[in-house]
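Peer 1: Input file: my_file-v9.cif. Contents: mmCIF, C-alpha atoms and all ligand atoms.
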```
data_work
loop_
_atom_site.label_atom_id
_atom_site.label_comp_id
_atom_site.auth_asym_id
_atom_site.auth_seq_id
_atom_site.Cartn_x
_atom_site.Cartn_y
_atom_site.Cartn_z
CA MET A 1 110.99 120.87 126.55
CA VAL A 2 112.48 117.57 125.42
CA TYR A 3 112.40 116.98 121.67
CA PHE A 4 112.74 113.36 120.57
CA ILE A 5 114.11 113.82 117.08
CA GLY A 6 114.33 111.16 114.41
CA ALA A 7 117.86 111.78 113.16
CA GLY A 8 117.43 109.66 110.03
CA PRO A 9 119.33 106.62 108.81
CA GLY A 10 122.85 108.08 108.57
CA ASP A 11 123.25 110.59 105.76
CA PRO A 12 123.04 113.92 107.65
CA GLU A 13 121.00 115.41 104.80
CA LEU A 14 118.23 112.95 105.60
CA LEU A 15 117.50 114.75 108.86
CA THR A 16 114.19 116.59 108.39
CA LEU A 17 114.14 120.35 108.13
CA LYS A 18 112.07 120.50 111.31
CA GLY A 19 114.55 118.27 113.16
CA TYR A 20 117.42 120.44 111.91
CA LYS A 21 115.80 123.70 113.07
CA ILE A 22 115.00 122.34 116.51
CA LEU A 23 118.44 120.76 116.95
CA LYS A 24 120.04 124.09 116.08
CA SER A 25 118.08 125.88 118.77
CA CYS A 26 118.61 123.41 121.65
CA GLN A 27 121.04 124.05 124.49
CA VAL A 28 121.46 120.36 125.33
CA VAL A 29 121.84 117.39 122.97
CA ILE A 30 121.61 113.73 123.95
CA TYR A 31 122.31 111.49 120.98
CA ALA A 32 122.32 107.72 120.47
CA GLY A 33 126.04 107.48 119.70
CA SER A 34 125.87 103.85 118.61
CA LEU A 35 123.92 104.67 115.44
CA VAL A 36 123.36 108.39 114.96
CA ASN A 37 125.91 109.81 112.54
CA PRO A 38 128.10 112.18 114.62
CA GLU A 39 128.25 114.58 111.62
CA ILE A 40 124.69 115.56 112.55
CA LEU A 41 126.09 117.15 115.71
CA ASN A 42 127.67 119.80 113.47
CA PHE A 43 124.15 121.22 113.08
CA ALA A 44 123.86 121.80 116.84
CA ASP A 45 124.67 125.10 118.55
CA LYS A 46 128.41 125.13 119.21
CA ASN A 47 127.80 125.97 122.86
CA ALA A 48 125.36 123.11 123.38
CA LYS A 49 126.18 120.47 125.96
CA VAL A 50 126.42 117.12 124.19
CA TYR A 51 125.89 113.68 125.74
CA ASP A 52 126.29 110.25 124.12
CA SER A 53 123.47 108.07 125.44
CA SER A 54 125.09 104.84 124.25
CA LYS A 55 127.39 105.12 127.25
CA MET A 56 124.61 105.97 129.70
CA THR A 57 121.88 104.11 131.61
CA LEU A 58 118.25 105.23 131.48
CA GLU A 59 118.69 106.73 134.96
CA GLU A 60 121.71 108.76 133.82
CA ILE A 61 119.82 110.02 130.78
CA LEU A 62 116.96 111.08 132.99
CA GLU A 63 119.36 112.79 135.36
CA VAL A 64 120.63 114.98 132.49
CA ILE A 65 117.06 115.73 131.42
CA ARG A 66 116.11 116.69 134.99
CA ARG A 67 119.14 118.94 135.34
CA TYR A 68 118.27 120.88 132.18
CA LYS A 69 114.50 120.59 132.22
CA ASP A 70 114.06 124.36 131.94
CA LYS A 71 116.11 124.37 128.73
CA ASP A 72 115.42 122.85 125.32
CA ILE A 73 116.86 119.36 124.99
CA ALA A 74 117.29 117.51 121.68
CA ARG A 75 117.15 113.75 122.18
CA LEU A 76 118.42 112.32 118.89
CA HIS A 77 117.33 108.83 117.91
CA THR A 78 118.39 106.95 114.81
CA GLY A 79 115.90 106.67 111.93
CA ASP A 80 112.40 107.28 113.21
CA PRO A 81 111.91 107.08 116.99
CA SER A 82 108.77 104.94 116.69
CA LEU A 83 110.62 101.87 115.44
CA PHE A 84 112.77 100.08 118.01
CA GLY A 85 113.61 103.47 119.48
CA ALA A 86 113.22 102.61 123.18
CA ILE A 87 111.41 105.91 123.69
CA ASN A 88 108.57 104.39 125.72
CA GLU A 89 110.53 104.08 128.92
CA GLN A 90 111.78 107.66 128.59
CA ILE A 91 108.28 108.97 127.88
CA GLU A 92 106.92 107.15 130.91
CA LEU A 93 109.41 108.89 133.17
CA LEU A 94 108.89 112.31 131.57
CA GLU A 95 105.13 112.00 132.04
CA LYS A 96 105.59 110.91 135.64
CA GLU A 97 107.74 113.95 136.35
CA GLY A 98 105.61 116.36 134.31
CA ILE A 99 108.42 117.26 131.89
CA PRO A 100 106.94 118.32 128.52
CA TYR A 101 108.11 116.60 125.35
CA LYS A 102 107.44 116.39 121.63
CA ILE A 103 108.32 113.81 119.00
CA ILE A 104 109.69 114.87 115.63
CA PRO A 105 109.51 112.01 113.10
CA GLY A 106 112.50 110.96 111.04
CA VAL A 107 113.39 108.92 107.96
CA SER A 108 113.60 105.35 109.15
CA SER A 109 116.41 103.13 107.90
CA ILE A 110 113.70 100.88 106.44
CA PHE A 111 113.03 103.58 103.84
CA ALA A 112 116.68 104.40 103.23
CA GLY A 113 117.25 100.68 102.61
CA ALA A 114 114.30 100.45 100.21
CA ALA A 115 115.71 103.46 98.35
CA SER A 116 119.11 101.76 98.06
CA LEU A 117 117.41 98.63 96.77
CA LYS A 118 115.42 100.83 94.34
CA ARG A 119 112.26 98.97 95.20
CA GLU A 120 108.70 99.61 96.36
CA LEU A 121 107.87 97.56 99.46
CA THR A 122 104.21 97.27 98.43
CA VAL A 123 104.05 95.97 94.88
CA PRO A 124 100.59 95.79 93.25
CA SER A 125 99.24 92.22 93.07
CA ILE A 126 102.36 90.80 94.75
CA THR A 127 101.84 92.16 98.24
CA GLN A 128 100.21 95.14 99.86
CA THR A 129 101.57 94.31 103.29
CA VAL A 130 104.86 95.02 105.06
CA ILE A 131 105.72 93.10 108.21
CA ILE A 132 108.32 94.89 110.34
CA THR A 133 109.83 92.74 113.04
CA ARG A 134 113.02 91.45 114.64
CA TYR A 135 114.42 88.06 115.53
CA GLY A 136 114.03 87.23 119.21
CA LYS A 137 117.15 85.85 120.75
CA ARG A 138 118.00 87.87 123.83
CA THR A 139 114.88 90.04 123.44
CA TYR A 140 111.42 88.51 123.77
CA VAL A 141 109.36 88.87 120.60
CA PRO A 142 105.69 87.99 121.18
CA GLU A 143 105.02 87.06 117.55
CA GLU A 144 106.60 83.96 116.08
CA LEU A 145 108.60 84.54 112.92
CA GLU A 146 107.31 81.29 111.47
CA LYS A 147 103.72 82.48 111.78
CA LEU A 148 104.55 85.89 110.36
CA SER A 149 106.21 84.32 107.35
CA LYS A 150 103.04 82.43 106.43
CA HIS A 151 101.67 85.58 104.76
CA ASN A 152 104.35 85.70 102.08
CA ALA A 153 104.26 89.47 102.52
CA THR A 154 107.22 91.83 102.37
CA LEU A 155 109.17 91.15 105.56
CA VAL A 156 111.76 93.47 107.05
CA LEU A 157 113.86 92.50 110.05
CA PHE A 158 115.66 95.03 112.23
CA LEU A 159 118.35 94.15 114.79
CA SER A 160 118.64 90.62 113.48
CA VAL A 161 121.39 90.17 110.89
CA LYS A 162 123.61 88.36 113.39
CA TYR A 163 121.07 85.52 113.37
CA LEU A 164 120.71 85.31 109.60
CA LYS A 165 121.16 81.54 109.45
CA GLU A 166 118.52 80.84 112.10
CA ILE A 167 116.15 83.30 110.38
CA VAL A 168 116.58 81.78 106.92
CA ASP A 169 115.96 78.29 108.31
CA ILE A 170 112.63 79.45 109.73
CA LEU A 171 111.59 81.42 106.64
CA LYS A 172 112.23 78.45 104.36
CA ARG A 173 109.38 76.59 106.07
CA ASN A 174 106.91 78.99 104.43
CA TYR A 175 108.56 81.12 101.73
CA PRO A 176 109.65 79.25 98.58
CA SER A 177 113.42 78.72 98.75
CA ASN A 178 113.98 80.86 95.64
CA THR A 179 112.44 83.86 97.41
CA PRO A 180 114.73 86.89 97.05
CA ILE A 181 116.36 88.35 100.14
CA SER A 182 118.61 91.39 100.49
CA ILE A 183 120.74 92.71 103.29
CA VAL A 184 121.39 96.43 103.44
CA TYR A 185 124.29 97.38 105.67
CA LYS A 186 124.48 101.04 106.78
CA ALA A 187 121.88 102.37 104.36
CA SER A 188 122.70 105.94 103.24
CA TRP A 189 126.13 105.94 104.95
CA LYS A 190 129.31 106.29 102.88
CA ASP A 191 130.23 102.65 103.57
CA GLU A 192 126.78 101.27 102.69
CA ASN A 193 126.79 97.72 101.35
CA VAL A 194 123.99 95.71 99.74
CA VAL A 195 124.07 91.92 99.42
CA SER A 196 121.31 90.17 97.49
CA GLY A 197 120.46 86.53 96.88
CA THR A 198 117.79 83.97 97.66
CA LEU A 199 116.93 82.06 100.82
CA GLU A 200 119.21 79.33 99.43
CA ASP A 201 122.43 81.29 99.11
CA ILE A 202 122.18 84.45 101.22
CA VAL A 203 123.92 83.07 104.30
CA GLU A 204 127.01 82.28 102.28
CA LYS A 205 126.87 85.60 100.39
CA ALA A 206 126.35 87.79 103.46
CA GLY A 207 129.71 86.83 104.92
CA ASN A 208 130.34 88.57 108.19
CA ILE A 209 127.81 91.41 108.31
CA GLU A 210 127.01 91.40 112.02
CA SER A 211 125.25 94.68 112.79
CA THR A 212 123.68 97.92 111.48
CA ALA A 213 121.85 96.09 108.73
CA LEU A 214 118.32 95.35 107.65
CA ILE A 215 117.08 92.11 106.14
CA TYR A 216 114.46 92.44 103.38
CA VAL A 217 112.55 89.38 102.21
CA GLY A 218 109.94 88.90 99.51
CA ARG A 219 109.05 88.99 95.87
CA PHE A 220 108.96 92.78 95.89
CA LEU A 221 112.72 92.52 95.35
CA GLU A 222 112.24 90.98 91.90
CA VAL A 223 111.86 93.26 88.92
CA ILE A 224 108.18 92.86 88.40
CA LYS A 225 106.19 94.42 85.63
CA THR A 226 103.06 95.23 87.56
CA ARG A 227 101.28 98.53 87.62
CA SER A 228 99.35 100.24 90.33
CA LYS A 229 95.90 101.55 89.62
CA LEU A 230 96.93 105.03 90.73
CA TYR A 231 98.14 106.11 87.30
CA ASP A 232 96.08 103.65 85.28
CA LYS A 233 94.07 105.50 82.63
CA THR A 234 91.12 103.15 83.12
CA PHE A 235 90.91 103.75 86.86
CA SER A 236 89.18 106.70 88.49
CA HIS A 237 89.95 108.04 91.92
CA MET A 238 89.39 111.08 94.07
CA TYR A 239 91.67 113.36 92.06
CA ARG A 240 91.18 112.05 88.54
CA ARG A 241 88.16 110.68 86.73
CA SER A 242 88.96 108.16 84.07
CA GLU A 243 87.46 108.64 80.64
CA TYR A 244 87.31 104.84 80.37
CA GLU A 245 85.69 103.95 83.65
CA ASP A 246 82.68 105.13 85.55
CA SER A 247 84.09 103.79 88.77
CA ASN A 248 83.15 105.04 92.17
CA SER A 249 85.90 103.17 93.98
CA PHE A 250 87.65 106.21 95.31
CA ASP A 251 90.42 104.53 97.29
CA ASN A 252 93.07 106.85 98.55
N1 LIG A 301 114.62 103.72 114.82
C1 LIG A 301 115.56 103.15 113.89
C2 LIG A 301 115.89 101.70 114.23
C3 LIG A 301 116.64 101.55 115.54
S1 LIG A 301 117.02 99.90 115.95
C4 LIG A 301 115.05 103.32 112.46
O1 LIG A 301 113.91 103.78 112.27
O2 LIG A 301 115.79 103.03 111.53
C5 LIG A 301 118.61 99.70 115.27
C6 LIG A 301 118.56 98.81 114.06
O3 LIG A 301 118.07 99.55 112.96
C7 LIG A 301 119.90 98.26 113.59
O4 LIG A 301 120.27 97.09 114.27
C8 LIG A 301 119.61 97.96 112.14
O5 LIG A 301 118.86 96.78 112.01
C9 LIG A 301 118.69 99.12 111.78
N2 LIG A 301 119.42 100.27 111.21
C10 LIG A 301 119.54 101.50 111.72
N3 LIG A 301 120.20 102.32 110.87
C11 LIG A 301 120.48 101.57 109.78
C12 LIG A 301 121.09 101.83 108.52
N4 LIG A 301 121.55 103.04 108.21
N5 LIG A 301 121.18 100.81 107.63
C13 LIG A 301 120.69 99.59 107.90
N6 LIG A 301 120.10 99.28 109.07
C14 LIG A 301 119.98 100.25 109.99
#
```
Turn this file's structure into structure tokens for me.
Ligand code: SAH
Peer 2:
Amino acid sequence: MVYFIGAGPGDPELLTLKGYKILKSCQVVIYAGSLVNPEILNFADKNAKVYDSSKMTLEEILEVIRRYKDKDIARLHTGDPSLFGAINEQIELLEKEGIPYKIIPGVSSIFAGAASLKRELTVPSITQTVIITRYGKRTYVPEELEKLSKHNATLVLFLSVKYLKEIVDILKRNYPSNTPISIVYKASWKDENVVSGTLEDIVEKAGNIESTALIYVGRFLEVIKTRSKLYDKTFSHMYRRSEYEDSNSFDN
């Protein structure tokens, strides 16, 4: 069995308990060495065979999987495998060859970054939408950033910090130029760094952050005194009936 495990954003303690237990019991480990914190490998069985996929091609990864297909293989991906994890191409091959697999979710860096920023991505009456995307330079991105930015929603860009200037120029066509923007470098790692500003000054402030960073854009970054209805005493929902309201809007 191949287990695709979301290894979390960096801090080894942000690996899930399920991921930890499975990793411990696997005889083979293939980890994305470019981003997965190598300290996580300390949780693996000390006799496990360990491969760094950042130095391998897809074919070579598959070769290792084929060789050990009767054993349990932990395939460690950074954050959660469903976001920019390149698992599709591996899954396709596993299905073609009839090799069973499971996916164990992980804590995406988008959430570790939000935690570092101490912000909620979906702020009541500001935005209830998060757009997760990347800037397309060498990789084709079907959606245009300019169109996405028309919504004024919370916007989070992966794999893009190298193109910060180009991105900001596009965003300024739709977001007001005083819109807050933050860059979180290596969220949850010991050398994490957060740079915050507005669309006007962020390029200058960000200096030379070139990789392993997320770009967060939107008014959710401001300190806003809005309240959700969830804990509002005048709002009823599935688990609590308000003494003030006879509402039947049971959103959950
Ligand atoms: N599946 C991963 C993302 C993999 S793509 C996840 O869910 O987090 C790799 C990109 O993710 C990096 O270029 C960077 O934009 C982002 N990233 C991964 N780990 C990060 C971290 N600890 N801090 C900030 N950005 C990170």
Peer 1: Between CA of Tyr3 in chain A and CA of Asp72 in chain A, what is the distance in Å, rounded to a tenth?
Peer 2: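 Taking CA of Tyr3 in chain A and CA of Asp72 in chain A, their separation equals 7.5 Å.
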Peer 1: With ligand LIG 301 (chain A) as the partner and 8 Å as the cut-off, tabulate the residues of chain A that qualify, each row holding the nearest pair of atoms and their distance in Å to one decimal, using all atoms listed in the file, sorted by chain and rising number, as a Markdown table.
Peer 2:
```
| residue | atom | partner | partner_atom | distance |
| --- | --- | --- | --- | --- |
| A:Gly6 | CA | A:LIG301 | N1 | 7.5 |
| A:Gly8 | CA | A:LIG301 | O2 | 7.0 |
| A:Pro9 | CA | A:LIG301 | N4 | 4.3 |
| A:Gly10 | CA | A:LIG301 | N4 | 5.2 |
| A:Leu35 | CA | A:LIG301 | N3 | 6.3 |
| A:Val36 | CA | A:LIG301 | N3 | 8.0 |
| A:His77 | CA | A:LIG301 | N1 | 6.6 |
| A:Thr78 | CA | A:LIG301 | C1 | 4.8 |
| A:Gly79 | CA | A:LIG301 | C4 | 3.5 |
| A:Asp80 | CA | A:LIG301 | O1 | 3.9 |
| A:Pro81 | CA | A:LIG301 | N1 | 4.8 |
| A:Ser82 | CA | A:LIG301 | N1 | 6.3 |
| A:Leu83 | CA | A:LIG301 | N1 | 4.5 |
| A:Phe84 | CA | A:LIG301 | S1 | 4.7 |
| A:Gly85 | CA | A:LIG301 | N1 | 4.8 |
| A:Gly106 | CA | A:LIG301 | O1 | 7.4 |
| A:Val107 | CA | A:LIG301 | O1 | 6.7 |
| A:Ser108 | CA | A:LIG301 | O1 | 3.5 |
| A:Ser109 | CA | A:LIG301 | O2 | 3.7 |
| A:Ile110 | CA | A:LIG301 | O2 | 5.9 |
| A:Ala112 | CA | A:LIG301 | N4 | 7.1 |
| A:Gly113 | CA | A:LIG301 | N5 | 6.4 |
| A:Leu157 | CA | A:LIG301 | O5 | 6.9 |
| A:Phe158 | CA | A:LIG301 | O5 | 3.7 |
| A:Leu159 | CA | A:LIG301 | O4 | 3.5 |
| A:Ser160 | CA | A:LIG301 | O5 | 6.3 |
| A:Val161 | CA | A:LIG301 | O5 | 7.2 |
| A:Val184 | CA | A:LIG301 | C13 | 5.5 |
| A:Tyr185 | CA | A:LIG301 | C13 | 4.8 |
| A:Lys186 | CA | A:LIG301 | N5 | 3.4 |
| A:Ala187 | CA | A:LIG301 | N5 | 3.7 |
| A:Ser188 | CA | A:LIG301 | N4 | 5.9 |
| A:Trp189 | CA | A:LIG301 | N4 | 6.3 |
| A:Glu192 | CA | A:LIG301 | N5 | 7.5 |
| A:Ser211 | CA | A:LIG301 | O4 | 5.7 |
| A:Thr212 | CA | A:LIG301 | C8 | 4.1 |
| A:Ala213 | CA | A:LIG301 | N6 | 3.7 |
| A:Leu214 | CA | A:LIG301 | N6 | 4.5 |
| A:Ile215 | CA | A:LIG301 | O5 | 7.7 |
```
Peer 1: List the neighbours of Lys150 in chain A out to 10 Å using only C-alpha atoms; skip same-chain residues closer than 4 positions along the sequence, and give me the result as a ChimeraX atom specification.
Peer 2: /A:145-146,171,173-175
Peer 1: Between CA of Ile30 in chain A and CA of Leu76 in chain A, what is the distance in Å, rounded to a tenth?
Peer 2: 6.1 Å
Peer 1: Quick one: residues within 8 Å of range 65-69 of chain A, all atoms listed in the file, excluding same-chain residues fewer than 4 positions away - as a PyMOL selection string?
Peer 2: chain A and resi 1-2+28+61+73+99
Peer 1: Applying 10 Å and only C-alpha atoms, which residues near Asn42 in chain A remain after dropping the ones on its own chain fewer than 6 positions away? List them as a list of chain:residue names.
Peer 2: A:Pro12, A:Leu23, A:Lys24
Peer 1: Residues at most 9 Å from Val168 in chain A, counting all atoms listed in the file, excluding those fewer than 2 positions away in the same chain, as a VMD selection string?
Peer 2: chain A and resid 163 to 166 170 to 173 199 to 200 202 to 203
Peer 1: Skipping near chain neighbours, those fewer than 4 positions away, what residues fall within 12 Å of Lys21 in chain A using all atoms listed in the file, listed as an NGL selection string?
Peer 2: :A and (3 or 5 or 15-17 or 25-26 or 43-45 or 74 or 104)
Peer 1: Go ahead and save the picked residues with C-alpha atoms, as a tab-separated table (two decimals), in the coordinates of the input.
Peer 2:
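Contents of the output file result_19.tsv:
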```
chain	number	residue	atom	x	y	z
A	3	TYR	CA	112.40	116.98	121.67
A	5	ILE	CA	114.11	113.82	117.08
A	15	LEU	CA	117.50	114.75	108.86
A	16	THR	CA	114.19	116.59	108.39
A	17	LEU	CA	114.14	120.35	108.13
A	25	SER	CA	118.08	125.88	118.77
A	26	CYS	CA	118.61	123.41	121.65
A	43	PHE	CA	124.15	121.22	113.08
A	44	ALA	CA	123.86	121.80	116.84
A	45	ASP	CA	124.67	125.10	118.55
A	74	ALA	CA	117.29	117.51	121.68
A	104	ILE	CA	109.69	114.87	115.63
```
Peer 1: Could you tell me how far CA of Ala48 in chain A lies from CA of Ala32 in chain A, in Å and to one decimal?
Peer 2: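 Here the two named atoms are 16.0 Å from each other.
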Peer 1: Between A:Asn47, A:Gln27, A:Ile40, A:Ile87, single out the one closest to Lys102 in chain A, counting all atoms listed in the file.
Peer 2: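 So, comparing all the options, the nearest one is A:Ile87.
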Peer 1: Using all atoms listed in the file for the distances, tell me which of A:Glu13, A:Asp70, A:Glu120, A:Glu222 is nearest to Tyr101 in chain A.
Peer 2: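 Between A:Glu13, A:Asp70, A:Glu120, A:Glu222, the residue approaching Tyr101 in chain A most closely is A:Asp70.
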Peer 1: Under the rule that all atoms listed in the file are counted, which of A:Leu117, A:Thr154, A:Gly98, A:Thr127 is the nearest residue to Ser196 in chain A?
Peer 2: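 Among the listed residues, the smallest separation from Ser196 in chain A belongs to A:Leu117.
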Peer 1: Using only C-alpha atoms, can you tell me which of A:Lys147, A:Leu58, A:Lys71, A:Tyr231 comes closest to Pro100 in chain A?
Peer 2: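 Result for the nearest residue to Pro100 in chain A: A:Lys71.
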Peer 1: Axis-aligned box over every listed atom of range 135-142 of chain A, padded by 6 Å per side: centre and edges in Å to one decimal, as AutoDock Vina command-line options?
Peer 2:
```
--center_x 111.8 --center_y 87.9 --center_z 119.7 --size_x 24.3 --size_y 16.2 --size_z 20.3
```
Peer 1: So which one's closest to Thr179 in chain A, A:Ser125, A:Asn37, A:Asn193, A:Asn152? Using all atoms listed in the file, please.
Peer 2: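 Nearest candidate to Thr179 in chain A out of A:Ser125, A:Asn37, A:Asn193, A:Asn152: A:Asn152.
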Peer 1: For Asp11 in chain A, which residue out of A:His151, A:Lys96, A:Lys190, A:Arg134 is the nearest one, using only C-alpha atoms?
Peer 2: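 So, comparing all the options, the nearest one is A:Lys190.
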